[in-house]
$ cat structure00.pdb   # PDB, C-alpha atoms, pLDDT in the B column
ATOM      1  CA  MET A 898    -133.132-165.501 107.962  1.00 97.00           C
ATOM      2  CA  ASN A 899    -130.947-164.822 110.991  1.00 98.00           C
ATOM      3  CA  LEU A 900    -127.689-163.322 109.722  1.00 98.00           C
ATOM      4  CA  ALA A 901    -124.348-162.667 111.411  1.00 98.00           C
ATOM      5  CA  LEU A 902    -122.056-159.973 110.034  1.00 98.00           C
ATOM      6  CA  VAL A 903    -118.273-160.281 110.156  1.00 98.00           C
ATOM      7  CA  GLY A 904    -116.976-156.760 109.632  1.00 96.00           C
ATOM      8  CA  TYR A 905    -119.238-153.919 110.729  1.00 96.00           C
ATOM      9  CA  GLY A 906    -117.827-150.893 108.956  1.00 93.00           C
ATOM     10  CA  LYS A 907    -119.703-148.958 106.296  1.00 92.00           C
ATOM     11  CA  MET A 908    -120.133-152.070 104.159  1.00 94.00           C
ATOM     12  CA  GLY A 909    -121.416-154.156 107.043  1.00 97.00           C
ATOM     13  CA  GLN A 910    -123.897-151.449 107.971  1.00 97.00           C
ATOM     14  CA  GLU A 911    -125.153-151.243 104.379  1.00 97.00           C
ATOM     15  CA  ILE A 912    -125.609-155.030 104.320  1.00 98.00           C
ATOM     16  CA  GLU A 913    -127.593-154.808 107.547  1.00 98.00           C
ATOM     17  CA  SER A 914    -129.826-152.077 106.117  1.00 98.00           C
ATOM     18  CA  ILE A 915    -130.663-154.107 103.013  1.00 97.00           C
ATOM     19  CA  ALA A 916    -131.090-157.334 105.008  1.00 98.00           C
ATOM     20  CA  LEU A 917    -133.616-155.645 107.299  1.00 98.00           C
ATOM     21  CA  ARG A 918    -135.532-154.236 104.325  1.00 97.00           C
ATOM     22  CA  ARG A 919    -135.749-157.762 102.911  1.00 98.00           C
ATOM     23  CA  GLY A 920    -137.243-159.078 106.149  1.00 98.00           C
ATOM     24  CA  HIS A 921    -134.148-160.650 107.702  1.00 98.00           C
ATOM     25  CA  THR A 922    -132.720-160.278 111.202  1.00 98.00           C
ATOM     26  CA  VAL A 923    -129.114-159.518 112.114  1.00 97.00           C
ATOM     27  CA  THR A 924    -128.453-161.476 115.290  1.00 96.00           C
ATOM     28  CA  ALA A 925    -124.696-160.876 115.665  1.00 96.00           C
ATOM     29  CA  ARG A 926    -122.109-158.340 114.535  1.00 97.00           C
ATOM     30  CA  PHE A 927    -118.369-158.953 114.726  1.00 97.00           C
ATOM     31  CA  SER A 928    -115.606-156.412 114.182  1.00 95.00           C
ATOM     32  CA  SER A 929    -112.031-155.657 115.223  1.00 90.00           C
ATOM     33  CA  ALA A 930    -113.446-154.349 118.520  1.00 92.00           C
ATOM     34  CA  SER A 931    -115.621-157.459 118.961  1.00 94.00           C
ATOM     35  CA  PRO A 932    -113.882-160.277 117.053  1.00 95.00           C
ATOM     36  CA  LEU A 933    -115.416-163.548 115.908  1.00 96.00           C
ATOM     37  CA  PRO A 934    -115.025-166.074 118.766  1.00 96.00           C
ATOM     38  CA  PRO A 935    -114.026-169.745 118.360  1.00 96.00           C
ATOM     39  CA  ALA A 936    -116.612-172.238 117.163  1.00 95.00           C
ATOM     40  CA  ASP A 937    -116.997-173.714 120.662  1.00 94.00           C
ATOM     41  CA  SER A 938    -117.942-170.332 122.167  1.00 94.00           C
ATOM     42  CA  ALA A 939    -121.081-170.242 124.301  1.00 92.00           C
ATOM     43  CA  LEU A 940    -122.277-167.374 122.119  1.00 91.00           C
ATOM     44  CA  PHE A 941    -123.051-169.728 119.240  1.00 93.00           C
ATOM     45  CA  ALA A 942    -124.942-172.072 121.526  1.00 89.00           C
ATOM     46  CA  SER A 943    -127.303-169.231 122.422  1.00 87.00           C
ATOM     47  CA  GLN A 944    -127.578-167.514 119.016  1.00 87.00           C
ATOM     48  CA  LEU A 945    -129.545-168.858 116.060  1.00 93.00           C
ATOM     49  CA  ILE A 946    -127.528-168.014 112.925  1.00 97.00           C
ATOM     50  CA  ASP A 947    -128.547-169.161 109.437  1.00 97.00           C
ATOM     51  CA  CYS A 948    -125.671-167.561 107.541  1.00 98.00           C
ATOM     52  CA  PHE A 949    -122.539-165.457 108.068  1.00 98.00           C
ATOM     53  CA  ILE A 950    -121.655-162.581 105.717  1.00 98.00           C
ATOM     54  CA  ASP A 951    -117.999-161.506 105.813  1.00 98.00           C
ATOM     55  CA  PHE A 952    -116.730-158.155 104.512  1.00 96.00           C
ATOM     56  CA  SER A 953    -113.838-157.622 106.889  1.00 95.00           C
ATOM     57  CA  ALA A 954    -110.075-157.999 106.372  1.00 92.00           C
ATOM     58  CA  ALA A 955    -108.151-160.525 104.277  1.00 91.00           C
ATOM     59  CA  SER A 956    -106.066-161.557 107.289  1.00 93.00           C
ATOM     60  CA  SER A 957    -109.174-162.765 109.141  1.00 95.00           C
ATOM     61  CA  VAL A 958    -110.635-164.864 106.313  1.00 96.00           C
ATOM     62  CA  PRO A 959    -108.899-168.163 107.271  1.00 96.00           C
ATOM     63  CA  ASN A 960    -110.267-167.952 110.820  1.00 96.00           C
ATOM     64  CA  THR A 961    -113.755-166.962 109.624  1.00 97.00           C
ATOM     65  CA  ILE A 962    -113.874-169.905 107.244  1.00 97.00           C
ATOM     66  CA  GLU A 963    -112.654-172.259 109.984  1.00 96.00           C
ATOM     67  CA  VAL A 964    -115.280-171.089 112.485  1.00 97.00           C
ATOM     68  CA  CYS A 965    -118.179-171.208 110.022  1.00 97.00           C
ATOM     69  CA  CYS A 966    -117.288-174.677 108.770  1.00 97.00           C
ATOM     70  CA  ARG A 967    -116.861-176.012 112.311  1.00 96.00           C
ATOM     71  CA  LEU A 968    -120.295-174.627 113.181  1.00 97.00           C
ATOM     72  CA  GLY A 969    -121.848-175.998 109.986  1.00 96.00           C
ATOM     73  CA  ILE A 970    -123.194-172.538 109.108  1.00 97.00           C
ATOM     74  CA  PRO A 971    -122.938-171.185 105.527  1.00 98.00           C
ATOM     75  CA  LEU A 972    -120.635-168.249 104.788  1.00 98.00           C
ATOM     76  CA  VAL A 973    -120.878-165.519 102.157  1.00 98.00           C
ATOM     77  CA  GLU A 974    -117.249-164.398 101.736  1.00 97.00           C
ATOM     78  CA  GLY A 975    -116.984-160.957 100.151  1.00 95.00           C
ATOM     79  CA  THR A 976    -113.625-159.843 101.519  1.00 92.00           C
ATOM     80  CA  THR A 977    -110.939-159.139  98.920  1.00 85.00           C
ATOM     81  CA  GLY A 978    -107.176-159.645  99.110  1.00 84.00           C
ATOM     82  CA  TRP A 979    -107.243-163.324 100.210  1.00 89.00           C
ATOM     83  CA  GLN A 980    -107.392-164.862  96.740  1.00 81.00           C
ATOM     84  CA  GLY A 981    -103.746-165.985  96.941  1.00 85.00           C
ATOM     85  CA  GLN A 982    -104.928-168.514  99.547  1.00 92.00           C
ATOM     86  CA  LYS A 983    -108.198-169.353  97.821  1.00 92.00           C
ATOM     87  CA  ASP A 984    -107.370-172.854  96.612  1.00 94.00           C
ATOM     88  CA  GLN A 985    -105.993-173.881  99.996  1.00 95.00           C
ATOM     89  CA  LEU A 986    -108.897-172.412 101.969  1.00 96.00           C
ATOM     90  CA  LEU A 987    -111.615-173.784  99.690  1.00 96.00           C
ATOM     91  CA  ALA A 988    -110.000-177.212  99.913  1.00 96.00           C
ATOM     92  CA  LYS A 989    -110.409-176.921 103.674  1.00 95.00           C
ATOM     93  CA  VAL A 990    -114.064-175.960 103.227  1.00 96.00           C
ATOM     94  CA  ALA A 991    -114.597-179.070 101.118  1.00 96.00           C
ATOM     95  CA  ALA A 992    -112.833-181.279 103.680  1.00 96.00           C
ATOM     96  CA  LEU A 993    -115.093-179.932 106.432  1.00 95.00           C
ATOM     97  CA  ASN A 994    -118.257-180.206 104.264  1.00 96.00           C
ATOM     98  CA  GLY A 995    -118.785-176.466 104.622  1.00 97.00           C
ATOM     99  CA  THR A 996    -120.787-174.064 102.491  1.00 97.00           C
ATOM    100  CA  VAL A 997    -119.090-170.941 101.126  1.00 97.00           C
ATOM    101  CA  ILE A 998    -120.222-168.531  98.419  1.00 97.00           C
ATOM    102  CA  HIS A 999    -117.249-166.413  97.391  1.00 95.00           C
ATOM    103  CA  GLY A1000    -116.517-163.643  94.914  1.00 91.00           C
ATOM    104  CA  ASN A1001    -114.294-160.672  94.186  1.00 84.00           C
ATOM    105  CA  ASN A1002    -117.339-158.514  93.534  1.00 91.00           C
ATOM    106  CA  PHE A1003    -120.897-159.056  94.764  1.00 95.00           C
ATOM    107  CA  SER A1004    -122.425-156.408  92.510  1.00 95.00           C
ATOM    108  CA  ILE A1005    -124.751-157.971  89.940  1.00 94.00           C
ATOM    109  CA  GLY A1006    -123.885-155.135  87.543  1.00 95.00           C
ATOM    110  CA  ALA A1007    -120.180-155.927  87.918  1.00 95.00           C
ATOM    111  CA  GLN A1008    -120.860-159.584  87.156  1.00 95.00           C
ATOM    112  CA  MET A1009    -122.591-158.527  83.948  1.00 95.00           C
ATOM    113  CA  PHE A1010    -119.574-156.323  83.201  1.00 97.00           C
ATOM    114  CA  PHE A1011    -117.289-159.363  83.541  1.00 96.00           C
ATOM    115  CA  ARG A1012    -119.377-161.189  80.941  1.00 95.00           C
ATOM    116  CA  ILE A1013    -119.187-158.221  78.556  1.00 97.00           C
ATOM    117  CA  VAL A1014    -115.397-157.993  78.946  1.00 98.00           C
ATOM    118  CA  ARG A1015    -115.100-161.722  78.269  1.00 97.00           C
ATOM    119  CA  GLU A1016    -117.022-161.383  75.002  1.00 97.00           C
ATOM    120  CA  ALA A1017    -115.090-158.267  73.976  1.00 98.00           C
ATOM    121  CA  SER A1018    -111.742-159.954  74.637  1.00 98.00           C
ATOM    122  CA  MET A1019    -112.734-162.962  72.558  1.00 98.00           C
ATOM    123  CA  LEU A1020    -113.556-160.610  69.683  1.00 97.00           C
ATOM    124  CA  MET A1021    -110.346-158.618  70.117  1.00 97.00           C
ATOM    125  CA  ASP A1022    -108.303-161.802  69.994  1.00 97.00           C
ATOM    126  CA  HIS A1023    -108.762-161.647  66.205  1.00 97.00           C
ATOM    127  CA  PHE A1024    -107.436-158.069  65.928  1.00 98.00           C
ATOM    128  CA  PRO A1025    -103.821-157.780  67.150  1.00 97.00           C
ATOM    129  CA  GLU A1026    -103.661-154.053  66.403  1.00 97.00           C
ATOM    130  CA  TYR A1027    -105.669-153.405  69.591  1.00 98.00           C
ATOM    131  CA  ASP A1028    -103.692-153.228  72.812  1.00 98.00           C
ATOM    132  CA  THR A1029    -105.474-153.691  76.145  1.00 98.00           C
ATOM    133  CA  ALA A1030    -105.161-152.348  79.692  1.00 97.00           C
ATOM    134  CA  VAL A1031    -107.162-152.312  82.937  1.00 98.00           C
ATOM    135  CA  HIS A1032    -107.545-149.366  85.310  1.00 97.00           C
ATOM    136  CA  GLU A1033    -109.289-149.159  88.671  1.00 97.00           C
ATOM    137  CA  THR A1034    -110.036-146.274  91.044  1.00 97.00           C
ATOM    138  CA  HIS A1035    -111.091-146.568  94.682  1.00 96.00           C
ATOM    139  CA  HIS A1036    -111.269-144.527  97.883  1.00 94.00           C
ATOM    140  CA  THR A1037    -108.102-143.820  99.829  1.00 95.00           C
ATOM    141  CA  LYS A1038    -108.960-146.228 102.665  1.00 89.00           C
ATOM    142  CA  LYS A1039    -109.018-149.342 100.469  1.00 89.00           C
ATOM    143  CA  LYS A1040    -106.397-151.758 101.777  1.00 83.00           C
ATOM    144  CA  ASP A1041    -105.487-153.728  98.638  1.00 85.00           C
ATOM    145  CA  ALA A1042    -104.266-152.708  95.194  1.00 90.00           C
ATOM    146  CA  PRO A1043    -104.986-153.655  92.538  1.00 93.00           C
ATOM    147  CA  SER A1044    -108.546-154.433  93.545  1.00 91.00           C
ATOM    148  CA  GLY A1045    -109.929-157.947  93.463  1.00 87.00           C
ATOM    149  CA  THR A1046    -112.274-156.849  90.685  1.00 91.00           C
ATOM    150  CA  ALA A1047    -109.355-155.593  88.574  1.00 95.00           C
ATOM    151  CA  ILE A1048    -107.573-158.917  89.077  1.00 93.00           C
ATOM    152  CA  THR A1049    -110.726-160.745  87.992  1.00 92.00           C
ATOM    153  CA  LEU A1050    -110.907-158.589  84.862  1.00 96.00           C
ATOM    154  CA  ALA A1051    -107.248-159.291  84.129  1.00 97.00           C
ATOM    155  CA  ASN A1052    -107.757-163.036  84.466  1.00 95.00           C
ATOM    156  CA  ILE A1053    -110.742-162.882  82.108  1.00 97.00           C
ATOM    157  CA  ILE A1054    -108.653-161.020  79.535  1.00 98.00           C
ATOM    158  CA  LEU A1055    -105.699-163.405  79.870  1.00 98.00           C
ATOM    159  CA  GLU A1056    -108.027-166.356  79.306  1.00 97.00           C
ATOM    160  CA  ASN A1057    -109.525-164.906  76.123  1.00 98.00           C
ATOM    161  CA  LEU A1058    -106.885-162.635  74.584  1.00 97.00           C
ATOM    162  CA  LYS A1059    -104.051-165.001  73.743  1.00 96.00           C
ATOM    163  CA  ARG A1060    -101.453-162.321  72.972  1.00 97.00           C
ATOM    164  CA  LYS A1061    -101.546-161.269  76.620  1.00 98.00           C
ATOM    165  CA  GLN A1062     -99.619-163.734  78.781  1.00 97.00           C
ATOM    166  CA  SER A1063     -99.001-162.025  82.128  1.00 96.00           C
ATOM    167  CA  VAL A1064     -99.952-159.051  84.301  1.00 96.00           C
ATOM    168  CA  ASN A1065     -97.820-156.013  85.090  1.00 94.00           C
ATOM    169  CA  THR A1066     -98.974-153.789  87.960  1.00 92.00           C
ATOM    170  CA  ASP A1067     -95.809-151.709  88.353  1.00 83.00           C
ATOM    171  CA  LEU A1068     -95.102-149.051  85.748  1.00 74.00           C
ATOM    172  CA  ASN A1069     -91.851-148.189  87.536  1.00 75.00           C
ATOM    173  CA  SER A1070     -90.314-151.639  87.048  1.00 72.00           C
ATOM    174  CA  ALA A1071     -89.782-151.623  83.282  1.00 75.00           C
ATOM    175  CA  PRO A1072     -91.528-150.728  80.022  1.00 87.00           C
ATOM    176  CA  ILE A1073     -94.679-152.725  79.362  1.00 90.00           C
ATOM    177  CA  ARG A1074     -93.923-155.572  76.977  1.00 93.00           C
ATOM    178  CA  PRO A1075     -96.465-156.461  74.260  1.00 95.00           C
ATOM    179  CA  GLU A1076     -97.393-159.721  75.984  1.00 97.00           C
ATOM    180  CA  GLU A1077     -98.042-157.986  79.332  1.00 96.00           C
ATOM    181  CA  LEU A1078    -101.421-156.686  80.494  1.00 97.00           C
ATOM    182  CA  ASN A1079    -101.050-153.545  82.572  1.00 96.00           C
ATOM    183  CA  ILE A1080    -103.304-152.966  85.588  1.00 96.00           C
ATOM    184  CA  SER A1081    -103.067-149.450  87.001  1.00 95.00           C
ATOM    185  CA  SER A1082    -104.648-148.168  90.223  1.00 95.00           C
ATOM    186  CA  THR A1083    -105.684-144.799  91.608  1.00 96.00           C
ATOM    187  CA  ARG A1084    -106.633-144.056  95.211  1.00 97.00           C
ATOM    188  CA  ILE A1085    -108.555-140.828  95.678  1.00 97.00           C
ATOM    189  CA  GLY A1086    -111.354-139.387  97.781  1.00 96.00           C
ATOM    190  CA  ASN A1087    -114.418-141.525  98.459  1.00 93.00           C
ATOM    191  CA  VAL A1088    -114.743-143.362  95.128  1.00 94.00           C
ATOM    192  CA  PHE A1089    -116.725-146.570  95.692  1.00 91.00           C
ATOM    193  CA  GLY A1090    -115.178-148.413  92.747  1.00 93.00           C
ATOM    194  CA  ASP A1091    -114.570-147.575  89.088  1.00 97.00           C
ATOM    195  CA  HIS A1092    -113.159-150.189  86.693  1.00 98.00           C
ATOM    196  CA  SER A1093    -112.350-149.759  83.030  1.00 98.00           C
ATOM    197  CA  VAL A1094    -110.956-151.924  80.250  1.00 98.00           C
ATOM    198  CA  LEU A1095    -109.436-150.080  77.292  1.00 98.00           C
ATOM    199  CA  TYR A1096    -108.901-151.586  73.851  1.00 98.00           C
ATOM    200  CA  HIS A1097    -106.655-149.149  71.963  1.00 98.00           C
ATOM    201  CA  SER A1098    -105.406-148.953  68.372  1.00 98.00           C
ATOM    202  CA  SER A1099    -103.849-146.206  66.284  1.00 97.00           C
ATOM    203  CA  ALA A1100    -107.220-145.715  64.574  1.00 98.00           C
ATOM    204  CA  ASP A1101    -109.589-145.715  67.539  1.00 98.00           C
ATOM    205  CA  GLU A1102    -110.291-147.108  70.980  1.00 97.00           C
ATOM    206  CA  ILE A1103    -113.087-148.790  72.881  1.00 98.00           C
ATOM    207  CA  GLU A1104    -113.488-148.300  76.617  1.00 98.00           C
ATOM    208  CA  LEU A1105    -115.745-150.485  78.767  1.00 98.00           C
ATOM    209  CA  VAL A1106    -116.524-149.046  82.189  1.00 98.00           C
ATOM    210  CA  HIS A1107    -118.333-150.103  85.346  1.00 97.00           C
ATOM    211  CA  ARG A1108    -118.877-147.473  88.062  1.00 97.00           C
ATOM    212  CA  ALA A1109    -120.344-148.236  91.450  1.00 95.00           C
ATOM    213  CA  HIS A1110    -122.410-145.281  92.677  1.00 94.00           C
ATOM    214  CA  ASN A1111    -122.560-146.539  96.264  1.00 93.00           C
ATOM    215  CA  ARG A1112    -122.227-149.684  98.375  1.00 92.00           C
ATOM    216  CA  SER A1113    -125.818-150.819  97.913  1.00 95.00           C
ATOM    217  CA  GLY A1114    -125.121-153.009  94.864  1.00 95.00           C
ATOM    218  CA  PHE A1115    -122.458-155.008  96.699  1.00 95.00           C
ATOM    219  CA  ALA A1116    -124.627-155.303  99.824  1.00 97.00           C
ATOM    220  CA  TYR A1117    -127.685-156.390  97.832  1.00 97.00           C
ATOM    221  CA  GLY A1118    -125.692-159.119  96.102  1.00 97.00           C
ATOM    222  CA  ALA A1119    -124.324-160.379  99.409  1.00 97.00           C
ATOM    223  CA  VAL A1120    -127.798-160.637 100.914  1.00 98.00           C
ATOM    224  CA  ILE A1121    -129.091-162.399  97.776  1.00 96.00           C
ATOM    225  CA  ALA A1122    -126.213-164.880  98.126  1.00 96.00           C
ATOM    226  CA  ALA A1123    -127.065-165.475 101.791  1.00 97.00           C
ATOM    227  CA  GLU A1124    -130.673-166.183 100.833  1.00 96.00           C
ATOM    228  CA  ARG A1125    -129.501-168.777  98.307  1.00 93.00           C
ATOM    229  CA  THR A1126    -127.691-170.758 101.004  1.00 94.00           C
ATOM    230  CA  LYS A1127    -131.107-172.040 102.083  1.00 91.00           C
ATOM    231  CA  GLU A1128    -131.134-174.138  98.903  1.00 87.00           C
ATOM    232  CA  PHE A1129    -127.422-174.547  98.156  1.00 86.00           C
ATOM    233  CA  LYS A1130    -124.724-176.514  99.960  1.00 90.00           C
ATOM    234  CA  GLY A1131    -121.035-176.687  99.071  1.00 95.00           C
ATOM    235  CA  ILE A1132    -118.721-174.190  97.371  1.00 96.00           C
ATOM    236  CA  CYS A1133    -119.875-171.776  94.692  1.00 94.00           C
ATOM    237  CA  SER A1134    -118.658-168.540  93.145  1.00 93.00           C
ATOM    238  CA  PHE A1135    -121.105-165.648  93.154  1.00 94.00           C
ATOM    239  CA  ASP A1136    -121.223-165.378  89.362  1.00 90.00           C
ATOM    240  CA  LYS A1137    -122.204-169.021  88.931  1.00 90.00           C
ATOM    241  CA  LEU A1138    -124.805-168.654  91.657  1.00 89.00           C
ATOM    242  CA  ILE A1139    -126.618-165.744  90.028  1.00 85.00           C
ATOM    243  CA  PHE A1140    -126.319-166.737  86.377  1.00 85.00           C
ATOM    244  CA  ASN A1141    -127.304-170.389  86.817  1.00 77.00           C
ATOM    245  CA  SER A1142    -130.632-169.611  88.431  1.00 57.00           C
ATOM    246  CA  SER A1143    -133.125-166.768  88.459  1.00 46.00           C
ATOM    247  CA  ILE A1144    -132.809-163.994  91.020  1.00 44.00           C
ATOM    248  CA  THR A1145    -135.756-163.349  93.320  1.00 42.00           C
ATOM    249  CA  HIS A1146    -136.095-159.607  93.859  1.00 40.00           C
TER
END

$ encode --input "structure00.pdb" --output "structure tokens"
Amino acid sequence: MNLALVGYGKMGQEIESIALRRGHTVTARFSSASPLPPADSALFASQLIDCFIDFSAASSVPNTIEVCCRLGIPLVEGTTGWQGQKDQLLAKVAALNGTVIHGNNFSIGAQMFFRIVREASMLMDHFPEYDTAVHETHHTKKKDAPSGTAITLANIILENLKRKQSVNTDLNSAPIRPEELNISSTRIGNVFGDHSVLYHSSADEIELVHRAHNRSGFAYGAVIAAERTKEFKGICSFDKLIFNSSITH
């Protein structure tokens, strides 16, 4: 496949490395220094692109989606921090008959972690003595907090643990009420991404943890998603994409 990368920082470079190892070609790279041009740019008339992969900034997602849909080229959208606009932007994708695979986390291990947390929360729904909280740790250059993955975990818990009704991300605002799910964040060093869910009682506690050792898991998932656009058209979340069909390694 001929891939175009939107965002060419460390993540974009890792995606390129894995794409090349899997036999693909990167034909275009866009960044803040070389931004994505409009759909009618002569560049796209001269470049063969099978799929865009975007790991850039949340503020650029609306334009990236617009350009890709206008060009009729699939997009793998891995940027976080834009989920507040997700319904509106995906409605636009549908109106333009575009193809977008989106997700808060493109690590296959993280997607398995989400499934485990869902099952654990369903079990804990029967045992009110266990309180629950989410914590995430990332590197100091991460632009959003809490992370998109932590928000996904919180939504999974809220869906399956009925005594939790809302999310609290600010410990300075007020004491945590029993019906609130606390998400806490730490920014330190070069941590790629640690996420934990704690179920705590006076007798004991259970902690579920996912730790990313490097960027390769996220990059691998993004490239796998791009490969799937050869057979998929429309809008799909990454988790549905990988769990509803077998993964070709």

$ closest_residue --input "structure00.pdb" --among "A:Ser1004, A:Ser928, A:Ser1134, A:Asn1087" --to "Val1120 (chain A)" --atoms "only C-alpha atoms"
A:Ser1004

$ resolve_selection --input "structure00.pdb" --expression "the PyMOL selection byres ((chain A and resi 954-969) around 9)" --output "PyMOL selection string"
chain A and resi 903-904+933-937+941+948-949+951-953+970-972+974+976-980+982+986-987+989-990+993-997+1040

$ atom_distance --input "structure00.pdb" --atom1 "CA of Ile1054 (chain A)" --atom2 "CA of Gly1000 (chain A)"
17.5 Å

$ atom_distance --input "structure00.pdb" --atom1 "CA of Ala1071 (chain A)" --atom2 "CA of Gly1045 (chain A)"
23.4 Å

$ atom_distance --input "structure00.pdb" --atom1 "CA of Ala1051 (chain A)" --atom2 "CA of Val973 (chain A)"
23.4 Å

$ build_atoms --input "structure00.pdb" --residues "region 950-966 of chain A" --atoms "N, CA and C atoms" --output "PDB file, keeping the file's coordinate frame"
ATOM      1  N   ILE A 950    -122.102-163.392 106.855  1.00 98.00           N
ATOM      2  CA  ILE A 950    -121.655-162.581 105.717  1.00 98.00           C
ATOM      3  C   ILE A 950    -120.393-161.846 106.151  1.00 98.00           C
ATOM      4  N   ASP A 951    -119.294-162.063 105.423  1.00 98.00           N
ATOM      5  CA  ASP A 951    -117.999-161.506 105.813  1.00 98.00           C
ATOM      6  C   ASP A 951    -117.501-160.478 104.805  1.00 98.00           C
ATOM      7  N   PHE A 952    -117.398-159.226 105.255  1.00 96.00           N
ATOM      8  CA  PHE A 952    -116.730-158.155 104.512  1.00 96.00           C
ATOM      9  C   PHE A 952    -115.805-157.469 105.507  1.00 96.00           C
ATOM     10  N   SER A 953    -114.736-158.159 105.869  1.00 95.00           N
ATOM     11  CA  SER A 953    -113.838-157.622 106.889  1.00 95.00           C
ATOM     12  C   SER A 953    -112.449-157.401 106.313  1.00 95.00           C
ATOM     13  N   ALA A 954    -111.463-158.145 106.819  1.00 92.00           N
ATOM     14  CA  ALA A 954    -110.075-157.999 106.372  1.00 92.00           C
ATOM     15  C   ALA A 954    -109.559-159.336 105.865  1.00 92.00           C
ATOM     16  N   ALA A 955    -108.679-159.294 104.873  1.00 91.00           N
ATOM     17  CA  ALA A 955    -108.151-160.525 104.277  1.00 91.00           C
ATOM     18  C   ALA A 955    -107.469-161.403 105.321  1.00 91.00           C
ATOM     19  N   SER A 956    -106.803-160.786 106.285  1.00 93.00           N
ATOM     20  CA  SER A 956    -106.066-161.557 107.289  1.00 93.00           C
ATOM     21  C   SER A 956    -106.977-162.403 108.169  1.00 93.00           C
ATOM     22  N   SER A 957    -108.246-162.035 108.266  1.00 95.00           N
ATOM     23  CA  SER A 957    -109.174-162.765 109.141  1.00 95.00           C
ATOM     24  C   SER A 957    -109.954-163.852 108.410  1.00 95.00           C
ATOM     25  N   VAL A 958    -109.840-163.907 107.092  1.00 96.00           N
ATOM     26  CA  VAL A 958    -110.635-164.864 106.313  1.00 96.00           C
ATOM     27  C   VAL A 958    -110.368-166.318 106.717  1.00 96.00           C
ATOM     28  N   PRO A 959    -109.104-166.759 106.877  1.00 96.00           N
ATOM     29  CA  PRO A 959    -108.899-168.163 107.271  1.00 96.00           C
ATOM     30  C   PRO A 959    -109.625-168.537 108.562  1.00 96.00           C
ATOM     31  N   ASN A 960    -109.587-167.654 109.559  1.00 96.00           N
ATOM     32  CA  ASN A 960    -110.267-167.952 110.820  1.00 96.00           C
ATOM     33  C   ASN A 960    -111.780-167.955 110.638  1.00 96.00           C
ATOM     34  N   THR A 961    -112.307-167.015 109.855  1.00 97.00           N
ATOM     35  CA  THR A 961    -113.755-166.962 109.624  1.00 97.00           C
ATOM     36  C   THR A 961    -114.239-168.228 108.944  1.00 97.00           C
ATOM     37  N   ILE A 962    -113.511-168.667 107.935  1.00 97.00           N
ATOM     38  CA  ILE A 962    -113.874-169.905 107.244  1.00 97.00           C
ATOM     39  C   ILE A 962    -113.835-171.090 108.203  1.00 97.00           C
ATOM     40  N   GLU A 963    -112.790-171.168 109.008  1.00 96.00           N
ATOM     41  CA  GLU A 963    -112.654-172.259 109.984  1.00 96.00           C
ATOM     42  C   GLU A 963    -113.845-172.297 110.931  1.00 96.00           C
ATOM     43  N   VAL A 964    -114.195-171.152 111.508  1.00 97.00           N
ATOM     44  CA  VAL A 964    -115.280-171.089 112.485  1.00 97.00           C
ATOM     45  C   VAL A 964    -116.607-171.480 111.844  1.00 97.00           C
ATOM     46  N   CYS A 965    -116.895-170.919 110.672  1.00 97.00           N
ATOM     47  CA  CYS A 965    -118.179-171.208 110.022  1.00 97.00           C
ATOM     48  C   CYS A 965    -118.312-172.679 109.661  1.00 97.00           C
ATOM     49  N   CYS A 966    -117.232-173.263 109.142  1.00 97.00           N
ATOM     50  CA  CYS A 966    -117.288-174.677 108.770  1.00 97.00           C
ATOM     51  C   CYS A 966    -117.438-175.568 109.994  1.00 97.00           C
TER      52      CYS A 966
END
